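J.: Contents of structure00.pdb (PDB, C-alpha atoms, pLDDT in the B column):
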```
ATOM      1  CA  GLU R   1      12.052  75.926  82.030  1.00 60.00           C
ATOM      2  CA  ASP R   2      12.454  72.366  83.330  1.00 65.00           C
ATOM      3  CA  TYR R   3      15.416  70.683  85.021  1.00 70.00           C
ATOM      4  CA  ILE R   4      17.005  73.879  86.326  1.00 80.00           C
ATOM      5  CA  TYR R   5      17.817  72.992  89.946  1.00 86.00           C
ATOM      6  CA  SER R   6      19.295  70.033  91.750  1.00 86.00           C
ATOM      7  CA  GLN R   7      17.243  68.457  94.549  1.00 88.00           C
ATOM      8  CA  SER R   8      19.613  69.836  97.178  1.00 90.00           C
ATOM      9  CA  LEU R   9      19.109  73.358  95.826  1.00 91.00           C
ATOM     10  CA  GLU R  10      15.336  72.864  95.815  1.00 91.00           C
ATOM     11  CA  SER R  11      15.585  71.925  99.510  1.00 93.00           C
ATOM     12  CA  LEU R  12      17.646  75.050 100.191  1.00 93.00           C
ATOM     13  CA  PHE R  13      15.019  77.212  98.477  1.00 94.00           C
ATOM     14  CA  SER R  14      12.335  75.716 100.718  1.00 94.00           C
ATOM     15  CA  ALA R  15      14.362  76.562 103.827  1.00 95.00           C
ATOM     16  CA  ILE R  16      15.033  80.124 102.628  1.00 96.00           C
ATOM     17  CA  GLU R  17      11.363  80.713 101.825  1.00 96.00           C
ATOM     18  CA  SER R  18      10.298  79.308 105.188  1.00 96.00           C
ATOM     19  CA  ASP R  19      12.707  81.628 107.033  1.00 96.00           C
ATOM     20  CA  ALA R  20      11.459  84.602 105.000  1.00 96.00           C
ATOM     21  CA  GLY R  21       7.826  84.112 106.013  1.00 96.00           C
ATOM     22  CA  VAL R  22       8.121  86.173 109.204  1.00 96.00           C
ATOM     23  CA  PRO R  23       9.997  89.183 107.762  1.00 95.00           C
ATOM     24  CA  TYR R  24       7.734  89.133 104.694  1.00 96.00           C
ATOM     25  CA  GLN R  25       4.681  89.647 106.900  1.00 95.00           C
ATOM     26  CA  LYS R  26       6.491  92.137 109.143  1.00 95.00           C
ATOM     27  CA  LEU R  27       7.255  94.303 106.127  1.00 94.00           C
ATOM     28  CA  LEU R  28       3.629  94.290 105.020  1.00 94.00           C
ATOM     29  CA  ASP R  29       2.518  95.142 108.575  1.00 93.00           C
ATOM     30  CA  MET R  30       5.283  97.750 109.077  1.00 91.00           C
ATOM     31  CA  VAL R  31       6.731  95.919 112.085  1.00 92.00           C
ATOM     32  CA  PRO R  32      10.431  96.547 112.992  1.00 90.00           C
ATOM     33  CA  PHE R  33      12.923  93.870 111.959  1.00 90.00           C
ATOM     34  CA  SER R  34      15.333  91.949 114.144  1.00 90.00           C
ATOM     35  CA  GLU R  35      18.821  91.223 112.795  1.00 89.00           C
ATOM     36  CA  ASP R  36      17.723  87.663 111.939  1.00 93.00           C
ATOM     37  CA  ASP R  37      14.709  89.067 110.075  1.00 94.00           C
ATOM     38  CA  ARG R  38      16.954  91.307 108.038  1.00 93.00           C
ATOM     39  CA  ARG R  39      19.328  88.496 107.119  1.00 94.00           C
ATOM     40  CA  HIS R  40      16.484  86.140 106.214  1.00 96.00           C
ATOM     41  CA  TRP R  41      14.852  88.805 104.041  1.00 96.00           C
ATOM     42  CA  VAL R  42      18.075  89.584 102.175  1.00 96.00           C
ATOM     43  CA  ALA R  43      18.751  85.855 101.655  1.00 96.00           C
ATOM     44  CA  PHE R  44      15.252  85.516 100.194  1.00 96.00           C
ATOM     45  CA  LEU R  45      15.790  88.404  97.775  1.00 97.00           C
ATOM     46  CA  ILE R  46      19.160  86.991  96.687  1.00 95.00           C
ATOM     47  CA  ALA R  47      17.627  83.568  96.036  1.00 95.00           C
ATOM     48  CA  GLN R  48      14.766  85.088  94.032  1.00 94.00           C
ATOM     49  CA  LEU R  49      17.294  87.028  91.957  1.00 93.00           C
ATOM     50  CA  LEU R  50      19.801  84.244  91.273  1.00 92.00           C
ATOM     51  CA  ARG R  51      17.360  81.417  90.638  1.00 91.00           C
ATOM     52  CA  THR R  52      15.640  82.724  87.502  1.00 89.00           C
ATOM     53  CA  PRO R  53      16.336  81.168  84.078  1.00 85.00           C
ATOM     54  CA  SER R  54      17.478  84.545  82.754  1.00 83.00           C
ATOM     55  CA  PHE R  55      20.094  84.988  85.486  1.00 88.00           C
ATOM     56  CA  ILE R  56      21.263  81.376  85.248  1.00 87.00           C
ATOM     57  CA  LEU R  57      21.799  81.714  81.504  1.00 84.00           C
ATOM     58  CA  LYS R  58      23.884  84.862  81.931  1.00 85.00           C
ATOM     59  CA  SER R  59      25.783  83.196  84.786  1.00 87.00           C
ATOM     60  CA  HIS R  60      26.559  80.137  82.664  1.00 85.00           C
ATOM     61  CA  GLN R  61      27.813  82.302  79.826  1.00 85.00           C
ATOM     62  CA  GLY R  62      30.042  84.294  82.178  1.00 87.00           C
ATOM     63  CA  LEU R  63      31.408  81.182  83.898  1.00 87.00           C
ATOM     64  CA  LYS R  64      32.161  79.543  80.560  1.00 88.00           C
ATOM     65  CA  GLN R  65      34.079  82.588  79.344  1.00 89.00           C
ATOM     66  CA  ILE R  66      36.108  82.831  82.570  1.00 89.00           C
ATOM     67  CA  ILE R  67      36.979  79.122  82.562  1.00 90.00           C
ATOM     68  CA  GLU R  68      38.140  79.241  78.946  1.00 89.00           C
ATOM     69  CA  ARG R  69      39.971  82.554  79.238  1.00 89.00           C
ATOM     70  CA  GLU R  70      41.838  81.644  82.442  1.00 88.00           C
ATOM     71  CA  GLY R  71      42.526  78.052  81.384  1.00 89.00           C
ATOM     72  CA  ILE R  72      40.849  76.683  84.500  1.00 88.00           C
ATOM     73  CA  ALA R  73      40.749  72.884  84.725  1.00 88.00           C
ATOM     74  CA  TYR R  74      36.968  72.692  84.956  1.00 89.00           C
ATOM     75  CA  GLY R  75      34.310  71.519  82.541  1.00 88.00           C
ATOM     76  CA  THR R  76      32.129  73.867  80.521  1.00 87.00           C
ATOM     77  CA  ASP R  77      29.348  71.378  79.781  1.00 85.00           C
ATOM     78  CA  ALA R  78      25.838  72.147  81.062  1.00 82.00           C
ATOM     79  CA  ALA R  79      26.124  69.922  84.148  1.00 84.00           C
ATOM     80  CA  SER R  80      29.452  71.443  85.233  1.00 88.00           C
ATOM     81  CA  LEU R  81      28.247  75.006  84.740  1.00 87.00           C
ATOM     82  CA  ARG R  82      25.082  74.211  86.694  1.00 87.00           C
ATOM     83  CA  ARG R  83      27.117  72.907  89.638  1.00 88.00           C
ATOM     84  CA  ALA R  84      29.339  75.989  89.556  1.00 89.00           C
ATOM     85  CA  HIS R  85      26.319  78.321  89.522  1.00 90.00           C
ATOM     86  CA  GLU R  86      24.690  76.576  92.470  1.00 91.00           C
ATOM     87  CA  THR R  87      27.682  77.410  94.681  1.00 91.00           C
ATOM     88  CA  LEU R  88      26.528  81.055  94.571  1.00 90.00           C
ATOM     89  CA  PHE R  89      23.625  80.220  96.876  1.00 92.00           C
ATOM     90  CA  THR R  90      25.937  79.130  99.705  1.00 91.00           C
ATOM     91  CA  ASN R  91      28.755  81.598  99.036  1.00 91.00           C
ATOM     92  CA  HIS R  92      29.197  83.901 102.056  1.00 93.00           C
ATOM     93  CA  GLN R  93      30.980  86.524  99.975  1.00 92.00           C
ATOM     94  CA  VAL R  94      28.001  86.777  97.597  1.00 91.00           C
ATOM     95  CA  PHE R  95      25.655  87.179 100.580  1.00 94.00           C
ATOM     96  CA  ASP R  96      27.901  89.851 102.106  1.00 94.00           C
ATOM     97  CA  ILE R  97      28.016  91.874  98.881  1.00 92.00           C
ATOM     98  CA  PHE R  98      24.245  91.855  98.464  1.00 93.00           C
ATOM     99  CA  TYR R  99      23.610  92.408 102.183  1.00 93.00           C
ATOM    100  CA  ARG R 100      25.719  95.568 102.233  1.00 92.00           C
ATOM    101  CA  ARG R 101      24.161  96.802  99.001  1.00 92.00           C
ATOM    102  CA  ILE R 102      20.525  96.172  99.946  1.00 94.00           C
ATOM    103  CA  CYS R 103      20.802  97.246 103.591  1.00 92.00           C
ATOM    104  CA  GLY R 104      23.009 100.201 102.691  1.00 91.00           C
ATOM    105  CA  HIS R 105      20.107 101.851 100.856  1.00 92.00           C
ATOM    106  CA  GLU R 106      16.891 103.306 102.211  1.00 92.00           C
ATOM    107  CA  TRP R 107      13.962 100.876 102.219  1.00 93.00           C
ATOM    108  CA  SER R 108      10.493 101.866 101.066  1.00 93.00           C
ATOM    109  CA  LEU R 109       7.172 100.143 100.582  1.00 95.00           C
ATOM    110  CA  LEU R 110       5.397 101.473  97.504  1.00 96.00           C
ATOM    111  CA  SER R 111       1.613 101.142  97.568  1.00 95.00           C
ATOM    112  CA  VAL R 112      -1.342 101.768  95.259  1.00 93.00           C
ATOM    113  CA  ASP R 113      -5.113 101.801  95.669  1.00 90.00           C
ATOM    114  CA  SER R 114      -7.001  98.898  94.149  1.00 81.00           C
ATOM    115  CA  ASP R 115      -8.865 101.184  91.734  1.00 83.00           C
ATOM    116  CA  GLN R 116      -5.576 102.401  90.222  1.00 82.00           C
ATOM    117  CA  GLY R 117      -4.279  99.032  89.068  1.00 82.00           C
ATOM    118  CA  ALA R 118      -1.697  96.679  90.517  1.00 86.00           C
ATOM    119  CA  PHE R 119       2.016  95.943  90.512  1.00 90.00           C
ATOM    120  CA  ILE R 120       2.920  93.206  88.089  1.00 86.00           C
ATOM    121  CA  ARG R 121       5.141  90.286  89.085  1.00 87.00           C
ATOM    122  CA  GLY R 122       7.226  88.984  86.245  1.00 85.00           C
ATOM    123  CA  ASP R 123       9.126  85.743  85.814  1.00 86.00           C
ATOM    124  CA  VAL R 124      12.117  87.841  86.937  1.00 89.00           C
ATOM    125  CA  PRO R 125      10.563  89.001  90.222  1.00 91.00           C
ATOM    126  CA  VAL R 126      13.544  90.870  91.704  1.00 95.00           C
ATOM    127  CA  VAL R 127      14.548  93.773  89.484  1.00 94.00           C
ATOM    128  CA  ILE R 128      17.748  95.792  89.875  1.00 93.00           C
ATOM    129  CA  HIS R 129      17.855  99.068  87.989  1.00 90.00           C
ATOM    130  CA  GLY R 130      20.236 102.011  87.765  1.00 89.00           C
ATOM    131  CA  SER R 131      23.873 102.396  88.782  1.00 87.00           C
ATOM    132  CA  ASP R 132      26.042 103.415  91.721  1.00 82.00           C
ATOM    133  CA  GLU R 133      27.906 105.979  89.638  1.00 83.00           C
ATOM    134  CA  LEU R 134      24.694 107.895  88.915  1.00 85.00           C
ATOM    135  CA  ARG R 135      23.314 107.175  92.402  1.00 87.00           C
ATOM    136  CA  THR R 136      20.228 105.645  90.813  1.00 91.00           C
ATOM    137  CA  TRP R 137      20.745 102.013  91.968  1.00 94.00           C
ATOM    138  CA  LYS R 138      17.597 100.375  93.305  1.00 95.00           C
ATOM    139  CA  LEU R 139      16.194  96.902  93.862  1.00 96.00           C
ATOM    140  CA  MET R 140      12.453  96.279  93.486  1.00 96.00           C
ATOM    141  CA  TYR R 141      10.366  93.280  94.503  1.00 96.00           C
ATOM    142  CA  PRO R 142       6.529  93.253  94.158  1.00 94.00           C
ATOM    143  CA  MET R 143       5.197  91.632  97.352  1.00 95.00           C
ATOM    144  CA  THR R 144       1.453  91.861  96.695  1.00 92.00           C
ATOM    145  CA  PRO R 145      -0.638  93.415  93.902  1.00 90.00           C
ATOM    146  CA  SER R 146      -0.818  96.629  95.953  1.00 92.00           C
ATOM    147  CA  LYS R 147       2.630  96.746  97.603  1.00 95.00           C
ATOM    148  CA  CYS R 148       6.157  96.694  96.252  1.00 96.00           C
ATOM    149  CA  PHE R 149       9.377  96.601  98.285  1.00 96.00           C
ATOM    150  CA  ILE R 150      12.196  98.852  97.114  1.00 96.00           C
ATOM    151  CA  SER R 151      15.747  99.380  98.337  1.00 94.00           C
ATOM    152  CA  GLY R 152      17.324 102.580  97.020  1.00 91.00           C
ATOM    153  CA  PRO R 153      18.189 104.815  95.365  1.00 92.00           C
ATOM    154  CA  THR R 154      19.034 106.842  98.505  1.00 89.00           C
ATOM    155  CA  SER R 155      22.021 105.481 100.430  1.00 88.00           C
ATOM    156  CA  CYS R 156      21.915 105.216 104.219  1.00 86.00           C
ATOM    157  CA  GLU R 157      23.666 103.664 107.189  1.00 77.00           C
ATOM    158  CA  ILE R 158      22.531 100.114 107.969  1.00 71.00           C
ATOM    159  CA  PRO R 159      19.856 100.692 110.659  1.00 65.00           C
ATOM    160  CA  ASP R 160      19.510  98.662 113.860  1.00 61.00           C
ATOM    161  CA  VAL R 161      15.720  98.419 113.471  1.00 59.00           C
ATOM    162  CA  PRO R 162      14.733  99.123 109.874  1.00 68.00           C
ATOM    163  CA  ILE R 163      11.190 100.222 109.224  1.00 77.00           C
ATOM    164  CA  PRO R 164      10.632 101.118 105.579  1.00 85.00           C
ATOM    165  CA  ARG R 165       8.991 104.392 104.772  1.00 88.00           C
ATOM    166  CA  THR R 166       5.749 104.203 102.824  1.00 92.00           C
ATOM    167  CA  GLN R 167       5.136 105.917  99.508  1.00 93.00           C
ATOM    168  CA  LYS R 168       1.730 106.132  97.854  1.00 95.00           C
ATOM    169  CA  LEU R 169       1.952 106.135  94.056  1.00 94.00           C
ATOM    170  CA  ASP R 170      -0.396 107.762  91.584  1.00 92.00           C
ATOM    171  CA  THR R 171      -1.403 106.008  88.372  1.00 86.00           C
ATOM    172  CA  LYS R 172       1.460 107.500  86.339  1.00 88.00           C
ATOM    173  CA  GLN R 173       4.049 106.448  88.923  1.00 92.00           C
ATOM    174  CA  LEU R 174       2.568 102.940  89.024  1.00 90.00           C
ATOM    175  CA  CYS R 175       2.871 102.660  85.249  1.00 86.00           C
ATOM    176  CA  ASP R 176       6.501 103.794  85.436  1.00 89.00           C
ATOM    177  CA  VAL R 177       7.318 101.114  88.031  1.00 91.00           C
ATOM    178  CA  ASN R 178       5.503  98.418  86.071  1.00 88.00           C
ATOM    179  CA  GLU R 179       7.401  99.381  82.931  1.00 86.00           C
ATOM    180  CA  LEU R 180      10.717  98.829  84.746  1.00 87.00           C
ATOM    181  CA  LEU R 181       9.489  95.490  86.093  1.00 89.00           C
ATOM    182  CA  ALA R 182       8.257  94.411  82.656  1.00 84.00           C
ATOM    183  CA  GLU R 183      11.553  95.235  80.949  1.00 82.00           C
ATOM    184  CA  ARG R 184      13.209  92.433  82.929  1.00 81.00           C
ATOM    185  CA  CYS R 185      10.574  89.754  82.176  1.00 80.00           C
ATOM    186  CA  ARG R 186      11.649  86.733  80.166  1.00 77.00           C
ATOM    187  CA  HIS R 187       8.317  85.326  79.000  1.00 75.00           C
ATOM    188  CA  SER R 188       5.461  86.322  81.293  1.00 74.00           C
ATOM    189  CA  ALA R 189       4.060  88.575  84.007  1.00 73.00           C
ATOM    190  CA  MET R 190       1.083  88.381  86.341  1.00 74.00           C
ATOM    191  CA  GLY R 191      -1.088  91.383  87.058  1.00 70.00           C
ATOM    192  CA  VAL R 192      -4.485  93.025  86.942  1.00 64.00           C
ATOM    193  CA  THR R 193      -5.548  94.066  83.452  1.00 59.00           C
ATOM    194  CA  TRP R 194      -5.979  97.820  83.205  1.00 57.00           C
ATOM    195  CA  LYS R 195      -5.923  98.923  79.576  1.00 58.00           C
ATOM    196  CA  GLU R 196      -3.270 101.639  79.915  1.00 56.00           C
ATOM    197  CA  GLN R 197      -0.993  99.498  82.051  1.00 63.00           C
ATOM    198  CA  THR R 198      -1.408  96.452  79.842  1.00 65.00           C
ATOM    199  CA  GLU R 199      -0.220  98.444  76.826  1.00 67.00           C
ATOM    200  CA  ILE R 200       2.816  99.785  78.721  1.00 66.00           C
ATOM    201  CA  VAL R 201       3.747  96.348  80.071  1.00 68.00           C
ATOM    202  CA  GLY R 202       3.263  94.722  76.679  1.00 67.00           C
ATOM    203  CA  LYS R 203       5.546  97.202  74.917  1.00 68.00           C
ATOM    204  CA  ALA R 204       8.222  96.867  77.613  1.00 64.00           C
ATOM    205  CA  MET R 205       8.153  93.054  77.443  1.00 65.00           C
ATOM    206  CA  ALA R 206       8.289  93.128  73.639  1.00 65.00           C
ATOM    207  CA  LYS R 207      11.334  95.383  73.805  1.00 64.00           C
ATOM    208  CA  GLN R 208      13.080  92.970  76.195  1.00 60.00           C
ATOM    209  CA  THR R 209      12.159  89.959  74.048  1.00 54.00           C
ATOM    210  CA  GLU R 210      13.672  91.585  70.953  1.00 50.00           C
ATOM    211  CA  HIS R 211      16.863  92.387  72.878  1.00 47.00           C
ATOM    212  CA  ARG R 212      17.100  88.842  74.247  1.00 50.00           C
ATOM    213  CA  LEU R 213      16.653  87.168  70.878  1.00 42.00           C
ATOM    214  CA  HIS R 214      19.475  89.231  69.424  1.00 42.00           C
ATOM    215  CA  ASN R 215      21.892  88.808  72.308  1.00 47.00           C
ATOM    216  CA  LEU R 216      21.393  85.378  73.892  1.00 45.00           C
ATOM    217  CA  PRO R 217      21.876  81.894  72.431  1.00 45.00           C
ATOM    218  CA  SER R 218      19.414  79.050  72.715  1.00 43.00           C
ATOM    219  CA  ILE R 219      18.829  78.262  76.362  1.00 41.00           C
ATOM    220  CA  GLU R 220      18.993  74.512  75.772  1.00 42.00           C
ATOM    221  CA  GLU R 221      22.710  74.883  75.070  1.00 42.00           C
ATOM    222  CA  TYR R 222      23.203  75.676  78.750  1.00 40.00           C
ATOM    223  CA  TRP R 223      20.357  73.790  80.398  1.00 40.00           C
ATOM    224  CA  GLY R 224      20.909  70.330  78.994  1.00 42.00           C
ATOM    225  CA  ARG R 225      18.460  67.573  79.824  1.00 41.00           C
ATOM    226  CA  PRO R 226      18.525  64.892  82.544  1.00 38.00           C
ATOM    227  CA  CYS R 227      20.112  61.544  81.784  1.00 33.00           C
TER     228      CYS R 227
END
```
For the structure just supplied, provide its representation as structure tokens.

T.:
Amino acid sequence: EDYIYSQSLESLFSAIESDAGVPYQKLLDMVPFSEDDRRHWVAFLIAQLLRTPSFILKSHQGLKQIIEREGIAYGTDAASLRRAHETLFTNHQVFDIFYRRICGHEWSLLSVDSDQGAFIRGDVPVVIHGSDELRTWKLMYPMTPSKCFISGPTSCEIPDVPIPRTQKLDTKQLCDVNELLAERCRHSAMGVTWKEQTEIVGKAMAKQTEHRLHNLPSIEEYWGRPC
């Protein structure tokens, strides 16, 4: 969708993505992280999670309900809600919560052979699935068609020099991961077209679309348009 971010937030995204370049490559090359690498990588994942239209819409709805319920002297028009949401990207408490959650779980790098298919990347690229209560919480982020970063579900102490373990997936496991990624898509996903995987992804996206249409209002109500 258009007109989602302010120019200052766009500039912040550029800085976050620039800082993440080094840890991104280190992960793919299985090189140990420094503390700065770890912080830059977590900041990148947080930004990718919070910046999507789907998350912004849910955030706006939640903010609007809180403002009205608590009688807070703050506007609930699209521009006001947008400004409130953008404070999340510079909120140290938000970073701390995600940092402890992501770094407090074991990191892995899932991989597949090119003849098996590829990980899809949806318009919601960072996917969180499961729950703490069931000890199934995990965060997934496809980095390349053949590699996918995952934090969880196994908890661990925050390591001084994290090196993710590697896990080779078979075709069935790849389809299972892609189904989870597809269930979070809003409109689209990129990937290599293998017949079996395409059918699985298509069904998962259709299921999410049906759920969204029944549970979310028109997005224009929250986006607004520029003056």

J.: As a check of understanding, name the residues that the PyMOL selection byres ((chain R and resi 48-56) around 8) selects in the supplied structure, as a PyMOL selection string.

T.: chain R and resi 1+4+44-47+57-60+85+89+123-127+186

J.: Interatomic distance between atom CA of R:Phe95 and atom CA of R:Val42?

T.: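 Separating atom CA of R:Phe95 from atom CA of R:Val42 is a distance of 8.1 Å.
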
J.: Please identify all polymer residues within 9 Å of R:Ile158, counting only C-alpha atoms, omitting same-chain residues fewer than 5 positions from it, and present them as a list of chain:residue names.

T.: R:Arg100, R:Cys103, R:Gly104, R:His105, R:Glu106

J.: Tell me, in Å to one decimal, how far atom CA of R:Thr87 is from atom CA of R:His129.

T.: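 If I compute the distance from atom CA of R:Thr87 to atom CA of R:His129, I get 24.7 Å.
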
J.: Calculate how many Å separate atom CA of R:Asp170 from atom CA of R:Ser111, rounding to one decimal.

T.: 9.1 Å

J.: Would you please work out which residue, of R:Asp77, R:Gln25, R:Glu86, R:Met190, is nearest to R:Gln7 when using all atoms listed in the file?

T.: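 Nearest to R:Gln7: R:Glu86.
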
J.: I want to know what sits within 9 Å of R:Ile16, based on only C-alpha atoms, with residues of the same chain fewer than 5 positions away left out; could you give that as an MDAnalysis selection string?

T.: chainID R and resid 11 21 40:41 43:44 47

J.: Using only C-alpha atoms, please write the residues we just selected to a file, as a tab-separated table (two decimals), in the coordinates of the input.

T.:
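result.tsv, freshly written:
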```tsv
chain	number	residue	atom	x	y	z
R	11	SER	CA	15.58	71.92	99.51
R	21	GLY	CA	7.83	84.11	106.01
R	40	HIS	CA	16.48	86.14	106.21
R	41	TRP	CA	14.85	88.80	104.04
R	43	ALA	CA	18.75	85.86	101.66
R	44	PHE	CA	15.25	85.52	100.19
R	47	ALA	CA	17.63	83.57	96.04
```

J.: Mind checking which residues fall within 7 Å of R:Asn178, counting only C-alpha atoms, ignoring those fewer than 3 positions away in the same chain, and posting them as a PDB file with C-alpha atoms, in the coordinates of the input?

T.:
```pdb
ATOM      1  CA  PHE R 119       2.016  95.943  90.512  1.00 90.00           C
ATOM      2  CA  ILE R 120       2.920  93.206  88.089  1.00 86.00           C
ATOM      3  CA  LEU R 174       2.568 102.940  89.024  1.00 90.00           C
ATOM      4  CA  CYS R 175       2.871 102.660  85.249  1.00 86.00           C
ATOM      5  CA  LEU R 181       9.489  95.490  86.093  1.00 89.00           C
ATOM      6  CA  ALA R 182       8.257  94.411  82.656  1.00 84.00           C
ATOM      7  CA  VAL R 201       3.747  96.348  80.071  1.00 68.00           C
TER       8      VAL R 201
END
```

J.: Step by step, work through what the PyMOL selection byres ((chain R and resi 188) around 6) selects in the shown file, and finish by giving those residues as a list in words.

T.: Gly122, Asp123, His187 and Ala189 of chain R

J.: Produce stretch 36-52 of chain R of the given structure as output with N, CA, C and O atoms, as a PDB file, in the first residue's frame.

T.:
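Below is the file part.pdb, written as the result:
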```pdb
ATOM      1  N   ASP R  36      27.515  -6.103  18.640  1.00  0.00           N
ATOM      2  CA  ASP R  36      26.909  -5.138  17.718  1.00  0.00           C
ATOM      3  C   ASP R  36      26.170  -5.856  16.593  1.00  0.00           C
ATOM      4  O   ASP R  36      25.078  -5.428  16.183  1.00  0.00           O
ATOM      5  N   ASP R  37      26.764  -6.934  16.082  1.00  0.00           N
ATOM      6  CA  ASP R  37      26.098  -7.708  15.023  1.00  0.00           C
ATOM      7  C   ASP R  37      24.745  -8.216  15.502  1.00  0.00           C
ATOM      8  O   ASP R  37      23.746  -8.147  14.785  1.00  0.00           O
ATOM      9  N   ARG R  38      24.742  -8.726  16.718  1.00  0.00           N
ATOM     10  CA  ARG R  38      23.511  -9.301  17.254  1.00  0.00           C
ATOM     11  C   ARG R  38      22.432  -8.228  17.405  1.00  0.00           C
ATOM     12  O   ARG R  38      21.263  -8.445  17.061  1.00  0.00           O
ATOM     13  N   ARG R  39      22.809  -7.073  17.913  1.00  0.00           N
ATOM     14  CA  ARG R  39      21.846  -5.997  18.087  1.00  0.00           C
ATOM     15  C   ARG R  39      21.339  -5.488  16.739  1.00  0.00           C
ATOM     16  O   ARG R  39      20.144  -5.205  16.582  1.00  0.00           O
ATOM     17  N   HIS R  40      22.236  -5.357  15.782  1.00  0.00           N
ATOM     18  CA  HIS R  40      21.820  -4.881  14.452  1.00  0.00           C
ATOM     19  C   HIS R  40      20.890  -5.884  13.778  1.00  0.00           C
ATOM     20  O   HIS R  40      19.927  -5.502  13.096  1.00  0.00           O
ATOM     21  N   TRP R  41      21.158  -7.177  13.962  1.00  0.00           N
ATOM     22  CA  TRP R  41      20.313  -8.199  13.354  1.00  0.00           C
ATOM     23  C   TRP R  41      18.917  -8.202  13.981  1.00  0.00           C
ATOM     24  O   TRP R  41      17.906  -8.268  13.280  1.00  0.00           O
ATOM     25  N   VAL R  42      18.856  -8.108  15.298  1.00  0.00           N
ATOM     26  CA  VAL R  42      17.556  -8.077  15.973  1.00  0.00           C
ATOM     27  C   VAL R  42      16.776  -6.823  15.581  1.00  0.00           C
ATOM     28  O   VAL R  42      15.566  -6.888  15.330  1.00  0.00           O
ATOM     29  N   ALA R  43      17.454  -5.673  15.499  1.00  0.00           N
ATOM     30  CA  ALA R  43      16.778  -4.440  15.079  1.00  0.00           C
ATOM     31  C   ALA R  43      16.206  -4.592  13.676  1.00  0.00           C
ATOM     32  O   ALA R  43      15.090  -4.117  13.385  1.00  0.00           O
ATOM     33  N   PHE R  44      16.934  -5.264  12.801  1.00  0.00           N
ATOM     34  CA  PHE R  44      16.466  -5.497  11.434  1.00  0.00           C
ATOM     35  C   PHE R  44      15.212  -6.362  11.437  1.00  0.00           C
ATOM     36  O   PHE R  44      14.223  -6.051  10.752  1.00  0.00           O
ATOM     37  N   LEU R  45      15.226  -7.445  12.215  1.00  0.00           N
ATOM     38  CA  LEU R  45      14.058  -8.321  12.275  1.00  0.00           C
ATOM     39  C   LEU R  45      12.839  -7.589  12.839  1.00  0.00           C
ATOM     40  O   LEU R  45      11.718  -7.752  12.341  1.00  0.00           O
ATOM     41  N   ILE R  46      13.055  -6.766  13.867  1.00  0.00           N
ATOM     42  CA  ILE R  46      11.952  -6.006  14.452  1.00  0.00           C
ATOM     43  C   ILE R  46      11.351  -5.062  13.413  1.00  0.00           C
ATOM     44  O   ILE R  46      10.130  -4.962  13.265  1.00  0.00           O
ATOM     45  N   ALA R  47      12.223  -4.358  12.683  1.00  0.00           N
ATOM     46  CA  ALA R  47      11.739  -3.418  11.668  1.00  0.00           C
ATOM     47  C   ALA R  47      10.949  -4.141  10.580  1.00  0.00           C
ATOM     48  O   ALA R  47       9.897  -3.664  10.134  1.00  0.00           O
ATOM     49  N   GLN R  48      11.445  -5.304  10.145  1.00  0.00           N
ATOM     50  CA  GLN R  48      10.751  -6.063   9.111  1.00  0.00           C
ATOM     51  C   GLN R  48       9.391  -6.559   9.607  1.00  0.00           C
ATOM     52  O   GLN R  48       8.440  -6.672   8.829  1.00  0.00           O
ATOM     53  N   LEU R  49       9.298  -6.815  10.894  1.00  0.00           N
ATOM     54  CA  LEU R  49       8.034  -7.285  11.473  1.00  0.00           C
ATOM     55  C   LEU R  49       7.024  -6.157  11.625  1.00  0.00           C
ATOM     56  O   LEU R  49       5.851  -6.297  11.254  1.00  0.00           O
ATOM     57  N   LEU R  50       7.472  -5.013  12.160  1.00  0.00           N
ATOM     58  CA  LEU R  50       6.552  -3.931  12.501  1.00  0.00           C
ATOM     59  C   LEU R  50       6.158  -3.043  11.324  1.00  0.00           C
ATOM     60  O   LEU R  50       5.200  -2.282  11.429  1.00  0.00           O
ATOM     61  N   ARG R  51       6.881  -3.148  10.220  1.00  0.00           N
ATOM     62  CA  ARG R  51       6.648  -2.204   9.130  1.00  0.00           C
ATOM     63  C   ARG R  51       5.607  -2.677   8.110  1.00  0.00           C
ATOM     64  O   ARG R  51       5.238  -1.915   7.209  1.00  0.00           O
ATOM     65  N   THR R  52       5.126  -3.895   8.217  1.00  0.00           N
ATOM     66  CA  THR R  52       4.225  -4.411   7.191  1.00  0.00           C
ATOM     67  C   THR R  52       2.824  -3.805   7.321  1.00  0.00           C
ATOM     68  O   THR R  52       2.373  -3.463   8.420  1.00  0.00           O
TER      69      THR R  52
END
```
